[in-house]
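Structure file final-v1.txt; described as compact mmCIF, C-alpha atoms and all ligand atoms.
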# COMPACT_ATOMS: atom_id res chain seq x y z
CA MET A 1 -28.37 11.46 3.59
CA LEU A 2 -25.33 10.87 1.48
CA LEU A 3 -22.15 12.28 3.04
CA LYS A 4 -20.28 12.99 -0.17
CA GLY A 5 -16.59 13.75 -0.01
CA ALA A 6 -16.42 16.23 -2.90
CA PRO A 7 -17.94 19.26 -1.10
CA VAL A 8 -15.69 18.58 1.91
CA ALA A 9 -12.61 18.42 -0.31
CA ALA A 10 -13.67 21.56 -2.19
CA ALA A 11 -13.97 23.53 1.06
CA ILE A 12 -10.53 22.34 2.22
CA ASN A 13 -8.96 23.04 -1.20
CA GLU A 14 -10.29 26.58 -1.33
CA LYS A 15 -8.42 27.46 1.87
CA THR A 16 -5.33 25.53 0.82
CA ARG A 17 -5.16 27.37 -2.51
CA ALA A 18 -5.09 30.74 -0.73
CA ARG A 19 -2.30 29.52 1.58
CA VAL A 20 -0.27 28.29 -1.41
CA GLU A 21 -0.60 31.74 -3.01
CA ALA A 22 0.58 33.41 0.19
CA LEU A 23 3.59 31.09 0.39
CA LYS A 24 4.47 31.70 -3.25
CA ALA A 25 4.18 35.46 -2.72
CA GLY A 26 6.81 35.05 -0.01
CA GLY A 27 9.06 33.09 -2.38
CA VAL A 28 8.25 29.57 -1.11
CA LEU A 29 6.93 26.85 -3.42
CA PRO A 30 5.46 24.08 -1.26
CA VAL A 31 6.67 20.69 -2.50
CA LEU A 32 5.57 17.14 -1.73
CA ALA A 33 7.92 14.25 -2.48
CA ILE A 34 6.16 10.95 -3.16
CA LEU A 35 8.39 7.95 -2.59
CA ARG A 36 7.16 4.77 -4.24
CA VAL A 37 8.83 1.38 -4.19
CA GLY A 38 7.81 -0.90 -7.07
CA GLU A 39 4.81 -0.86 -9.36
CA ASN A 40 1.94 -1.72 -7.00
CA GLU A 41 -1.32 -0.71 -8.69
CA ALA A 42 -2.99 0.66 -5.54
CA ASP A 43 0.11 2.81 -4.84
CA MET A 44 0.18 4.11 -8.40
CA SER A 45 -3.49 5.00 -8.28
CA TYR A 46 -3.09 6.87 -4.97
CA GLU A 47 0.03 8.60 -6.31
CA LYS A 48 -1.87 9.70 -9.42
CA GLY A 49 -4.65 11.19 -7.27
CA ALA A 50 -2.15 12.98 -5.01
CA VAL A 51 -0.22 14.43 -7.97
CA LYS A 52 -3.41 15.64 -9.60
CA ARG A 53 -4.65 17.27 -6.39
CA CYS A 54 -1.31 18.94 -5.58
CA SER A 55 -0.81 20.20 -9.12
CA SER A 56 -4.29 21.70 -9.24
CA LEU A 57 -3.49 23.63 -6.05
CA GLY A 58 -0.10 24.86 -7.24
CA ILE A 59 1.87 22.52 -4.97
CA GLY A 60 5.01 21.05 -6.52
CA VAL A 61 5.48 17.27 -6.62
CA LYS A 62 8.74 15.36 -6.77
CA ASN A 63 8.14 11.71 -7.72
CA VAL A 64 10.79 9.31 -6.48
CA LEU A 65 10.56 5.75 -7.75
CA LEU A 66 12.72 2.91 -6.47
CA PRO A 67 12.68 -0.66 -7.83
CA ALA A 68 10.74 -3.32 -5.89
CA ASP A 69 14.01 -5.10 -5.02
CA VAL A 70 15.68 -1.96 -3.63
CA SER A 71 17.75 -2.70 -0.53
CA GLU A 72 16.68 -1.33 2.83
CA ALA A 73 19.94 0.65 3.03
CA GLU A 74 19.28 2.32 -0.32
CA LEU A 75 15.73 3.18 0.68
CA LEU A 76 16.89 4.63 4.02
CA SER A 77 19.51 6.67 2.20
CA LYS A 78 16.83 8.08 -0.13
CA VAL A 79 14.66 9.01 2.88
CA ASP A 80 17.68 10.74 4.42
CA GLU A 81 18.28 12.64 1.16
CA LEU A 82 14.65 13.85 1.14
CA ASN A 83 14.90 14.82 4.83
CA ARG A 84 17.85 17.06 3.99
CA ASP A 85 16.40 18.51 0.78
CA GLY A 86 15.42 22.09 1.65
CA ALA A 87 13.17 22.30 -1.40
CA VAL A 88 10.98 19.41 -0.16
CA HIS A 89 8.48 20.18 2.64
CA GLY A 90 6.52 16.95 2.89
CA VAL A 91 7.31 13.31 2.14
CA LEU A 92 4.68 10.67 1.40
CA ILE A 93 6.07 7.12 1.54
CA LEU A 94 3.64 4.75 -0.18
CA ARG A 95 3.11 1.63 1.91
CA PRO A 96 2.96 -1.27 2.51
CA LEU A 97 6.62 -1.62 1.56
CA PRO A 98 8.00 -4.88 0.13
CA ARG A 99 8.38 -7.56 2.79
CA HIS A 100 12.19 -7.56 2.80
CA ILE A 101 12.12 -3.99 4.16
CA ASP A 102 11.60 -3.19 7.84
CA ASP A 103 8.68 -0.78 7.78
CA ALA A 104 9.34 0.52 11.31
CA ARG A 105 12.93 1.40 10.43
CA VAL A 106 11.80 3.40 7.41
CA ARG A 107 9.10 5.18 9.43
CA ASP A 108 11.68 6.06 12.09
CA ALA A 109 14.03 7.45 9.46
CA LEU A 110 11.57 10.07 8.21
CA SER A 111 11.92 13.59 9.59
CA PRO A 112 8.82 14.32 11.75
CA ALA A 113 8.69 17.84 10.24
CA LYS A 114 8.08 16.31 6.79
CA ASP A 115 5.83 13.48 7.94
CA VAL A 116 2.68 14.76 6.20
CA ASP A 117 0.87 11.39 6.36
CA GLY A 118 1.46 10.85 10.09
CA ILE A 119 3.52 7.65 10.00
CA THR A 120 6.23 8.51 12.54
CA GLU A 121 5.83 7.82 16.25
CA GLY A 122 6.18 11.57 16.86
CA SER A 123 3.14 12.34 14.71
CA LEU A 124 1.10 9.55 16.29
CA ALA A 125 2.07 10.78 19.76
CA GLY A 126 0.67 14.17 18.77
CA VAL A 127 -2.60 12.52 17.74
CA PHE A 128 -2.84 10.68 21.05
CA THR A 129 -1.88 13.63 23.29
CA GLY A 130 -3.81 16.19 21.25
CA SER A 131 -0.76 18.47 21.38
CA GLY A 132 -1.27 19.60 17.79
CA ARG A 133 2.33 18.65 17.05
CA GLY A 134 3.01 16.51 14.00
CA PHE A 135 0.49 15.40 11.41
CA CYS A 136 -2.47 13.06 11.72
CA PRO A 137 -2.66 10.21 9.19
CA CYS A 138 -4.62 11.79 6.31
CA THR A 139 -7.33 9.14 6.00
CA ALA A 140 -8.12 9.16 9.72
CA GLU A 141 -8.33 12.95 9.69
CA SER A 142 -10.58 12.85 6.62
CA CYS A 143 -13.22 10.91 8.59
CA VAL A 144 -13.58 13.67 11.16
CA ARG A 145 -13.33 16.43 8.55
CA ILE A 146 -16.41 14.89 6.90
CA LEU A 147 -18.27 14.89 10.21
CA ASP A 148 -17.24 18.52 10.83
CA HIS A 149 -18.25 19.64 7.35
CA TYR A 150 -21.74 18.18 7.68
CA GLY A 151 -22.16 19.73 11.15
CA ILE A 152 -22.26 16.43 13.01
CA ASP A 153 -21.50 17.04 16.67
CA CYS A 154 -19.82 13.95 18.12
CA ALA A 155 -20.12 14.96 21.78
CA GLY A 156 -21.84 12.18 23.69
CA LEU A 157 -22.27 9.98 20.61
CA ARG A 158 -21.60 6.28 20.95
CA ALA A 159 -18.96 5.69 18.26
CA VAL A 160 -17.87 2.23 17.14
CA VAL A 161 -14.68 2.00 15.08
CA LEU A 162 -14.07 -1.20 13.12
CA GLY A 163 -10.33 -1.74 12.74
CA ARG A 164 -7.35 -0.92 14.92
CA SER A 165 -4.55 -0.16 12.46
CA LEU A 166 -2.10 2.66 13.14
CA VAL A 167 -3.14 4.25 9.85
CA ILE A 168 -6.87 4.50 10.49
CA GLY A 169 -8.55 2.63 13.36
CA LYS A 170 -6.38 3.81 16.25
CA PRO A 171 -5.93 7.45 15.20
CA VAL A 172 -9.60 7.89 14.25
CA SER A 173 -10.64 6.50 17.63
CA GLN A 174 -8.45 9.13 19.32
CA LEU A 175 -9.82 11.94 17.17
CA LEU A 176 -13.38 10.90 18.03
CA LEU A 177 -12.49 10.69 21.71
CA ARG A 178 -11.15 14.22 21.50
CA LYS A 179 -14.52 15.21 20.09
CA ASN A 180 -16.12 13.75 23.22
CA ALA A 181 -17.60 10.65 21.62
CA THR A 182 -17.70 7.45 23.68
CA VAL A 183 -15.53 5.17 21.58
CA THR A 184 -15.44 1.40 21.21
CA VAL A 185 -12.80 -0.14 18.93
CA CYS A 186 -13.64 -3.49 17.31
CA HIS A 187 -11.34 -5.96 15.53
CA THR A 188 -11.13 -9.61 14.50
CA ARG A 189 -11.34 -10.82 18.10
CA THR A 190 -14.47 -8.82 18.89
CA ARG A 191 -17.30 -11.10 19.97
CA ASP A 192 -20.71 -10.42 18.48
CA LEU A 193 -19.77 -7.49 16.24
CA SER A 194 -23.36 -6.79 15.24
CA SER A 195 -24.46 -6.14 18.82
CA GLU A 196 -21.63 -3.57 19.13
CA THR A 197 -22.44 -1.83 15.86
CA ARG A 198 -26.23 -1.90 16.24
CA ARG A 199 -26.15 0.19 19.41
CA ALA A 200 -23.76 2.79 17.98
CA ASP A 201 -24.76 6.29 16.91
CA LEU A 202 -21.73 6.51 14.64
CA ILE A 203 -19.86 3.67 12.89
CA VAL A 204 -16.47 4.10 11.25
CA ALA A 205 -15.63 1.01 9.20
CA ALA A 206 -11.93 0.62 8.36
CA VAL A 207 -11.59 -3.11 7.83
CA GLY A 208 -10.75 -3.73 4.19
CA ARG A 209 -13.40 -6.40 3.54
CA ALA A 210 -16.45 -5.78 1.40
CA GLY A 211 -19.69 -6.83 3.08
CA THR A 212 -18.37 -6.52 6.65
CA LEU A 213 -21.23 -4.22 7.54
CA THR A 214 -24.57 -5.68 6.49
CA ALA A 215 -28.19 -4.80 7.26
CA GLU A 216 -28.01 -6.89 10.44
CA HIS A 217 -25.20 -4.66 11.78
CA VAL A 218 -27.02 -1.33 11.58
CA SER A 219 -29.95 0.56 13.08
CA PRO A 220 -32.12 3.44 11.86
CA GLY A 221 -30.64 6.91 12.12
CA GLN A 222 -26.99 5.90 12.43
CA ILE A 223 -24.10 7.75 10.82
CA VAL A 224 -21.76 5.48 8.83
CA ILE A 225 -18.30 6.51 7.65
CA ASP A 226 -17.05 3.82 5.30
CA VAL A 227 -13.27 3.95 4.90
CA GLY A 228 -12.89 0.57 3.19
CA VAL A 229 -11.63 0.38 -0.36
CA ASN A 230 -12.17 -3.06 -1.84
CA VAL A 231 -11.98 -4.05 -5.49
CA GLY A 232 -14.75 -6.50 -6.44
CA ALA A 233 -14.48 -9.36 -8.93
CA ASP A 234 -16.22 -7.01 -11.39
CA GLY A 235 -13.36 -4.51 -10.94
CA LYS A 236 -15.64 -2.03 -9.16
CA LEU A 237 -14.69 -0.29 -5.91
CA ARG A 238 -16.73 -1.12 -2.83
CA GLY A 239 -16.52 -0.06 0.77
CA ASP A 240 -16.76 -2.27 3.86
CA ALA A 241 -20.50 -1.64 3.99
CA ASP A 242 -23.07 -3.39 1.85
CA PHE A 243 -24.21 0.02 0.62
CA SER A 244 -27.46 -0.89 -1.11
CA ALA A 245 -28.68 -2.88 1.93
CA ILE A 246 -27.61 -0.32 4.54
CA GLU A 247 -28.29 3.03 2.95
CA PRO A 248 -32.11 2.75 3.27
CA ILE A 249 -31.79 1.95 6.99
CA VAL A 250 -29.19 4.37 8.36
CA GLY A 251 -29.49 8.15 8.68
CA SER A 252 -26.37 9.07 6.71
CA ILE A 253 -23.52 7.26 5.00
CA THR A 254 -20.40 8.03 2.96
CA PRO A 255 -20.39 6.48 -0.52
CA VAL A 256 -17.47 4.44 -1.93
CA PRO A 257 -16.09 5.76 -4.18
CA GLY A 258 -16.73 9.45 -3.57
CA GLY A 259 -16.62 9.53 0.23
CA VAL A 260 -13.55 9.39 2.49
CA GLY A 261 -11.17 8.74 -0.42
CA ALA A 262 -12.21 12.00 -2.08
CA VAL A 263 -11.14 13.95 1.02
CA THR A 264 -7.83 12.22 1.74
CA THR A 265 -5.73 13.95 -0.93
CA ALA A 266 -7.21 17.34 0.04
CA VAL A 267 -6.05 16.75 3.63
CA LEU A 268 -2.65 15.60 2.34
CA ALA A 269 -2.23 18.81 0.30
CA GLU A 270 -3.26 20.87 3.32
CA HIS A 271 -0.61 19.11 5.40
CA VAL A 272 2.08 19.87 2.79
CA VAL A 273 1.17 23.54 2.96
CA ARG A 274 1.29 23.50 6.78
CA ALA A 275 4.73 21.84 6.62
CA ALA A 276 5.92 24.54 4.19
CA GLU A 277 4.56 27.31 6.41
CA MET A 278 6.34 25.86 9.44
CA PHE A 279 9.55 25.54 7.41
CA ASP A 280 9.18 29.16 6.27
CA ASN A 281 8.55 30.44 9.83
CA HIS A 282 11.49 28.45 11.10
CA SER A 283 13.85 29.77 8.45
CA GLN A 284 12.83 33.37 9.25
CA THR A 285 13.66 33.05 12.97
P1 LIG B 301 -5.46 -3.13 8.04
O1 LIG B 301 -4.16 -2.64 8.52
O2 LIG B 301 -5.54 -4.42 7.29
O3 LIG B 301 -6.43 -3.21 9.30
C1 LIG B 301 -7.70 -3.77 9.20
C2 LIG B 301 -8.33 -3.80 10.58
O4 LIG B 301 -9.62 -4.36 10.46
C3 LIG B 301 -7.56 -4.67 11.58
O5 LIG B 301 -7.46 -3.99 12.82
C4 LIG B 301 -8.43 -5.93 11.70
O6 LIG B 301 -8.42 -6.50 13.00
C5 LIG B 301 -9.80 -5.36 11.44
N1 LIG B 301 -10.71 -6.38 10.91
C6 LIG B 301 -10.49 -7.24 9.87
N2 LIG B 301 -11.58 -8.02 9.68
C7 LIG B 301 -12.50 -7.65 10.61
C8 LIG B 301 -13.80 -8.06 10.91
N3 LIG B 301 -14.41 -9.03 10.21
N4 LIG B 301 -14.45 -7.47 11.93
C9 LIG B 301 -13.88 -6.47 12.65
N5 LIG B 301 -12.62 -6.01 12.40
C10 LIG B 301 -11.95 -6.61 11.39
O7 LIG B 301 -6.17 -2.06 7.10
P2 LIG B 301 -6.04 -0.45 7.07
O8 LIG B 301 -4.74 -0.07 6.48
O9 LIG B 301 -6.45 0.10 8.38
O10 LIG B 301 -7.16 -0.12 5.98
C11 LIG B 301 -8.51 -0.42 6.19
C12 LIG B 301 -9.30 -0.14 4.93
O11 LIG B 301 -9.21 1.26 4.63
C13 LIG B 301 -8.80 -0.85 3.67
O12 LIG B 301 -9.91 -1.21 2.88
C14 LIG B 301 -7.99 0.20 2.95
O13 LIG B 301 -7.95 -0.02 1.55
C15 LIG B 301 -8.82 1.42 3.26
N6 LIG B 301 -8.11 2.69 3.10
C16 LIG B 301 -8.82 3.71 2.58
C17 LIG B 301 -8.22 4.95 2.39
C18 LIG B 301 -9.03 6.08 1.84
O14 LIG B 301 -8.48 7.14 1.54
N7 LIG B 301 -10.35 5.91 1.72
C19 LIG B 301 -6.87 5.13 2.72
C20 LIG B 301 -6.17 4.07 3.30
C21 LIG B 301 -6.81 2.86 3.47
P3 LIG B 301 -7.10 -7.19 13.68
O15 LIG B 301 -6.29 -6.03 14.18
O16 LIG B 301 -7.65 -8.03 14.75
O17 LIG B 301 -6.42 -7.94 12.56
If you convert what's in this file into structure tokens, what do you get?
Ligand code: NAP
Amino acid sequence: MLLKGAPVAAAINEKTRARVEALKAGGVLPVLAILRVGENEADMSYEKGAVKRCSSLGIGVKNVLLPADVSEAELLSKVDELNRDGAVHGVLILRPLPRHIDDARVRDALSPAKDVDGITEGSLAGVFTGSGRGFCPCTAESCVRILDHYGIDCAGLRAVVLGRSLVIGKPVSQLLLRKNATVTVCHTRTRDLSSETRRADLIVAAVGRAGTLTAEHVSPGQIVIDVGVNVGADGKLRGDADFSAIEPIVGSITPVPGGVGAVTTAVLAEHVVRAAEMFDNHSQT
């Protein structure tokens, strides 16, 4: 079975659209600020997708572009300006940032209330404690929203997550744990990756290398969520899984493109609306 992202995104968007209307009826226009440094192609492509999604849902977008050689002080000052801007409810900082900028300092500078892509320590703490405070990184959340949409109950499943980044691997492992899966996290130091993945019920691949998951890594009936986005020599997008070799073996798999990536901007838009609702509630008390 193909776990397509489009129906998942459509279901999320339908609810988001109604919430945007309710906010607007109360005089609040939810707004996302997208802060981009430089002209990185992957950033521009993600920005384009986010703008399109937000606009189609009636969410305002404020694009902020800084040159690639911007100083850290200038960038921090821009983040501070967006934190204070009462007309902006969520801020998406496109990363990775240029190497001369301290990523942790920028993450720390962002107001947790506007951290709609879950990059601050406060948001990540919420993911780990399950407190519901803060926002989960959108891509990690998209993985479990796909599982939820297709009615896949994770309780008791043996889940193997490939990758341990703060953006995907670590938060997705926590989300799966909260859903009562038994979670193993693999990385570059994992010995005998294929023996770990073969005995899984559910594999989440978030590595960033095409062909990481081959036929020898999978077993019949497994669920595969492929988060990887890799551009091949032919210019085509591929996931971490060798799709044509794996798809006939496993039970279900997300395509790339058209899987996790299709859901991410829907989750982002939903987070912006939640941030605007919280802002609205706060300003009424
Ligand atoms: P990252 O920070 O580079 O992390 C990659 C992780 O994979 C690391 O933990 C690394 O292990 C592990 N890894 C690398 N090679 C491995 C191997 N051969 N076997 C097992 N583990 C291996 O990447 P990321 O930011 O998490 O992104 C991962 C992928 O998701 C990328 O392709 C990215 O483009 C994609 N992505 C997709 C979306 C979407 O919406 N679909 C959004 C964001 C990112 P170590 O920790 O040991 O180095």
Given 6 Å and all atoms listed in the file, residues near ligand LIG 301 (chain B) as a PyMOL selection string:
chain A and resi 139+162-165+167-169+186-189+206-208+212+227-230+260-261+264
Could those selected residues go to a file with C-alpha atoms, as a tab-separated table (two decimals), in the frame of the given file?
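Dumped everything to out.tsv:
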chain	number	residue	atom	x	y	z
A	139	THR	CA	-7.33	9.14	6.00
A	162	LEU	CA	-14.07	-1.20	13.12
A	163	GLY	CA	-10.33	-1.74	12.74
A	164	ARG	CA	-7.35	-0.92	14.92
A	165	SER	CA	-4.55	-0.16	12.46
A	167	VAL	CA	-3.14	4.25	9.85
A	168	ILE	CA	-6.87	4.50	10.49
A	169	GLY	CA	-8.55	2.63	13.36
A	186	CYS	CA	-13.64	-3.49	17.31
A	187	HIS	CA	-11.34	-5.96	15.53
A	188	THR	CA	-11.13	-9.61	14.50
A	189	ARG	CA	-11.34	-10.82	18.10
A	206	ALA	CA	-11.93	0.62	8.36
A	207	VAL	CA	-11.59	-3.11	7.83
A	208	GLY	CA	-10.75	-3.73	4.19
A	212	THR	CA	-18.37	-6.52	6.65
A	227	VAL	CA	-13.27	3.95	4.90
A	228	GLY	CA	-12.89	0.57	3.19
A	229	VAL	CA	-11.63	0.38	-0.36
A	230	ASN	CA	-12.17	-3.06	-1.84
A	260	VAL	CA	-13.55	9.39	2.49
A	261	GLY	CA	-11.17	8.74	-0.42
A	264	THR	CA	-7.83	12.22	1.74
Asn180 of chain A environment, 12 Å, all atoms listed in the file, sequence neighbours closer than 6 positions dropped, as a PyMOL selection string
chain A and resi 153-159+173-174
Coordinates-based distance that separates atom CA of Ala275 of chain A from atom CA of Pro67 of chain A (Å, one decimal)
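Atom-to-atom, atom CA of Pro67 of chain A and atom CA of Ala275 of chain A are spaced 27.9 Å apart.
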With only C-alpha atoms as the counted atoms, please give the residues lying no more than 7 Å from Leu32 of chain A, apart from itself and same-chain residues fewer than 5 positions off, as a list in words.
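Result of the neighbour search: Gly60, Val61, Lys62, Val88, His89, Gly90, Val91 and Val272 of chain A.
Atom to atom, atom CA of Ile249 of chain A and atom CA of Pro220 of chain A stand 5.1 Å apart.
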File output for segment 250-261 of chain A (all heavy atoms) as a compact mmCIF listing (two decimals), in the first residue's frame:
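Result file follows (selection-v8.txt):
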# COMPACT_ATOMS: atom_id res chain seq x y z
N VAL A 250 7.65 -4.78 1.09
CA VAL A 250 7.05 -4.30 2.34
C VAL A 250 5.52 -4.21 2.22
O VAL A 250 4.96 -4.30 1.12
CB VAL A 250 7.64 -2.93 2.75
CG1 VAL A 250 9.15 -3.04 2.98
CG2 VAL A 250 7.31 -1.84 1.74
N GLY A 251 4.88 -3.97 3.37
CA GLY A 251 3.41 -3.87 3.38
C GLY A 251 2.93 -2.51 2.92
O GLY A 251 1.98 -2.39 2.15
N SER A 252 3.61 -1.45 3.41
CA SER A 252 3.23 -0.09 3.01
C SER A 252 4.43 0.83 3.09
O SER A 252 5.34 0.63 3.90
CB SER A 252 2.08 0.44 3.88
OG SER A 252 2.31 0.14 5.22
N ILE A 253 4.41 1.85 2.23
CA ILE A 253 5.57 2.74 2.15
C ILE A 253 5.13 4.12 1.66
O ILE A 253 4.19 4.23 0.85
CB ILE A 253 6.66 2.14 1.20
CG1 ILE A 253 7.92 3.01 1.15
CG2 ILE A 253 6.13 1.87 -0.20
CD1 ILE A 253 9.14 2.33 0.51
N THR A 254 5.80 5.17 2.17
CA THR A 254 5.51 6.52 1.67
C THR A 254 6.36 6.77 0.42
O THR A 254 7.55 6.44 0.40
CB THR A 254 5.87 7.60 2.73
OG1 THR A 254 7.24 7.45 3.10
CG2 THR A 254 4.99 7.49 3.96
N PRO A 255 5.77 7.36 -0.62
CA PRO A 255 6.58 7.68 -1.80
C PRO A 255 7.40 8.95 -1.59
O PRO A 255 7.10 9.75 -0.71
CB PRO A 255 5.51 7.92 -2.88
CG PRO A 255 4.30 8.40 -2.13
CD PRO A 255 4.35 7.76 -0.77
N VAL A 256 8.44 9.13 -2.38
CA VAL A 256 9.20 10.40 -2.42
C VAL A 256 9.39 10.75 -3.89
O VAL A 256 9.97 9.96 -4.63
CB VAL A 256 10.58 10.25 -1.75
CG1 VAL A 256 11.35 11.58 -1.87
CG2 VAL A 256 10.46 9.84 -0.30
N PRO A 257 8.88 11.88 -4.37
CA PRO A 257 8.09 12.86 -3.61
C PRO A 257 6.65 12.37 -3.40
O PRO A 257 6.27 11.33 -3.93
CB PRO A 257 8.13 14.08 -4.52
CG PRO A 257 8.32 13.55 -5.91
CD PRO A 257 9.12 12.28 -5.76
N GLY A 258 5.89 13.15 -2.63
CA GLY A 258 4.47 12.84 -2.46
C GLY A 258 4.14 12.13 -1.16
O GLY A 258 3.01 11.70 -0.97
N GLY A 259 5.12 11.99 -0.28
CA GLY A 259 4.87 11.33 1.00
C GLY A 259 4.96 12.32 2.14
O GLY A 259 4.13 13.22 2.26
N VAL A 260 6.00 12.17 2.96
CA VAL A 260 6.17 13.03 4.16
C VAL A 260 6.23 14.51 3.78
O VAL A 260 5.60 15.35 4.43
CB VAL A 260 7.46 12.62 4.92
CG1 VAL A 260 7.70 13.54 6.12
CG2 VAL A 260 7.38 11.17 5.37
N GLY A 261 6.97 14.82 2.71
CA GLY A 261 7.14 16.22 2.31
C GLY A 261 5.82 16.90 2.02
O GLY A 261 5.66 18.10 2.29
